[in-house]
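Asker: Here it is, the structure, as structure tokens.
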Amino acid sequence: MKNILTRVLIFTIILAFFESCANDDLTSLYGNEKNQPGKVVIIGYSALNDSIQITVNGKPVELGKEKRTAFVKKVEKEYEFVYHDDEEKVFEFTSKTTKELLKTYRFNAKKTKDTLSFYAKENIWIDNVASLKPGVLKQPGYNGYRFIFPTLNLYSKTGYTGKLDGIIRKLNGQVLGVVENISKDQFSPFIEFPFSSPPTIIMELVKHGTTESYVPGKKITLNMTMSVNKSKLIILEEKKDANGAFSGVDGILNLADYFVFK
């Protein structure tokens, strides 16, 4: 009987030992699953008057070999970190001088690798720039456009919330094409036509599906310049005069001048 009890005791100790090891292994595996490495690639361009600071969960992001904590114009940064448990990584972009919060992005371990890309200017912030696709030209000698209008109604205050069309003409009045569905938050479908000289073209902005101006009682046109074999991503911008009143629309800002698109 004594030998049997001794064997049972030894077996119980051995079993407890292996269970303890198993629990340690489970804890280790659980920790590995919870603490995931992460990386966010930051690609951006700022045309703001003030420089921009980036923080992640309140900690400034250092940029370049100089380890700057603010930037103007172009920024490229691979930011690596570890997600602890269900922690969220909160990226905040603020004006260095005014401390105004410009934009917030949130990331979690459901996607451990991600890209944050943007273009910033006064009253303009274009997201997901790296995912944009300029149109592919059908043949040599053409030029093409896509449009977005983030400042629609900023100064004109028309109250019109629909989409716009752009009637594109040569200086002699010949219609080259109509680009449809220009909106505040996404680029229009692609439009293309052959390059010709002189390169200046005129686009008239009208309510979608009509020939009616989106600004009551005022015809809205803007001049653009064709570029042979080029596909452009144009940001339309409402302008104001010295008194703050609406004074027209510009179409000179081309995102393809600031980013390389694959």
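Each chain of the structure tokens is named A, B, ... in the order shown, its residues numbered from 1; ligands are numbered from 1 in display order.
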Mind checking which residues fall within 10 Å of range 193-207 of chain A, counting only C-alpha atoms, ignoring those fewer than 2 positions away in the same chain, and posting them as a VMD selection string?
Answerer: chain A and resid 137 to 145 160 to 182 191 209 to 215 219 to 230 249 251
Asker: Excluding Thr104 in chain A and any residue of its chain fewer than 3 positions from it, enumerate the residues within 8 Å of it, using only C-alpha atoms, and give them as number ranges by chain.
Answerer: A: 90-93, 101
Asker: For the residues in the current selection, export N, CA and C atoms as a compact mmCIF listing (two decimals), in the first residue's frame.
Answerer:
```txt
# COMPACT_ATOMS: atom_id res chain seq x y z
N VAL A 90 -2.88 56.08 -32.21
CA VAL A 90 -3.57 57.28 -32.67
C VAL A 90 -2.55 58.27 -33.22
N PHE A 91 -2.59 58.50 -34.53
CA PHE A 91 -1.71 59.46 -35.18
C PHE A 91 -2.44 60.80 -35.27
N GLU A 92 -1.83 61.84 -34.70
CA GLU A 92 -2.43 63.18 -34.74
C GLU A 92 -1.50 64.16 -35.46
N PHE A 93 -2.07 64.92 -36.38
CA PHE A 93 -1.34 65.94 -37.12
C PHE A 93 -1.82 67.30 -36.64
N LEU A 101 -5.57 70.95 -34.20
CA LEU A 101 -5.59 69.57 -34.66
C LEU A 101 -6.11 69.54 -36.09
```
Asker: Given only C-alpha atoms, how would the per-residue table for range 153-261 of chain A near range 110-125 of chain A read, listing every residue at most 10 Å away with its closest atom pair and distance in Å to one decimal, sorted by chain and number, as a tab-separated table?
Answerer:
```
residue	atom	partner	partner_atom	distance
A:Leu154	CA	A:Asn123	CA	8.6
A:Asp185	CA	A:Trp125	CA	9.8
A:Ile235	CA	A:Ile124	CA	9.2
A:Glu237	CA	A:Ile124	CA	8.9
A:Leu255	CA	A:Tyr119	CA	8.1
A:Tyr258	CA	A:Tyr119	CA	8.8
A:Phe259	CA	A:Tyr119	CA	9.4
```
Asker: Just to confirm, what's the straight-line distance from CA of Ala256 in chain A to CA of Phe190 in chain A in Å (one decimal)?
Answerer: 14.1 Å
Asker: Mind checking which residues fall within 6 Å of Asn254 in chain A, counting only C-alpha atoms, ignoring those fewer than 3 positions away in the same chain, and posting them as a list in words?
Answerer: Leu233, Ile234 and Asp257 of chain A
Asker: Could you pull out the strand (DSSP E) residues of range 1-187 of chain A from DSSP and send them as a PyMOL selection string?
Answerer: chain A and resi 36-46+52-56+59-60+73-83+89-95+101-107+113-121+124-127+142-148+164-170+175-182
Asker: Could you tell me how far CA of Thr158 in chain A lies from CA of Lys218 in chain A, in Å and to one decimal?
Answerer: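 Here the two named atoms are 11.2 Å from each other.
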Asker: From the options A:Lys133, A:Gln186, A:Ile42, A:Ile252, which residue's atoms come nearest to Val61 in chain A, counting only C-alpha atoms?
Answerer: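 Ranked by minimum distance to Val61 in chain A, first place goes to A:Ile42.
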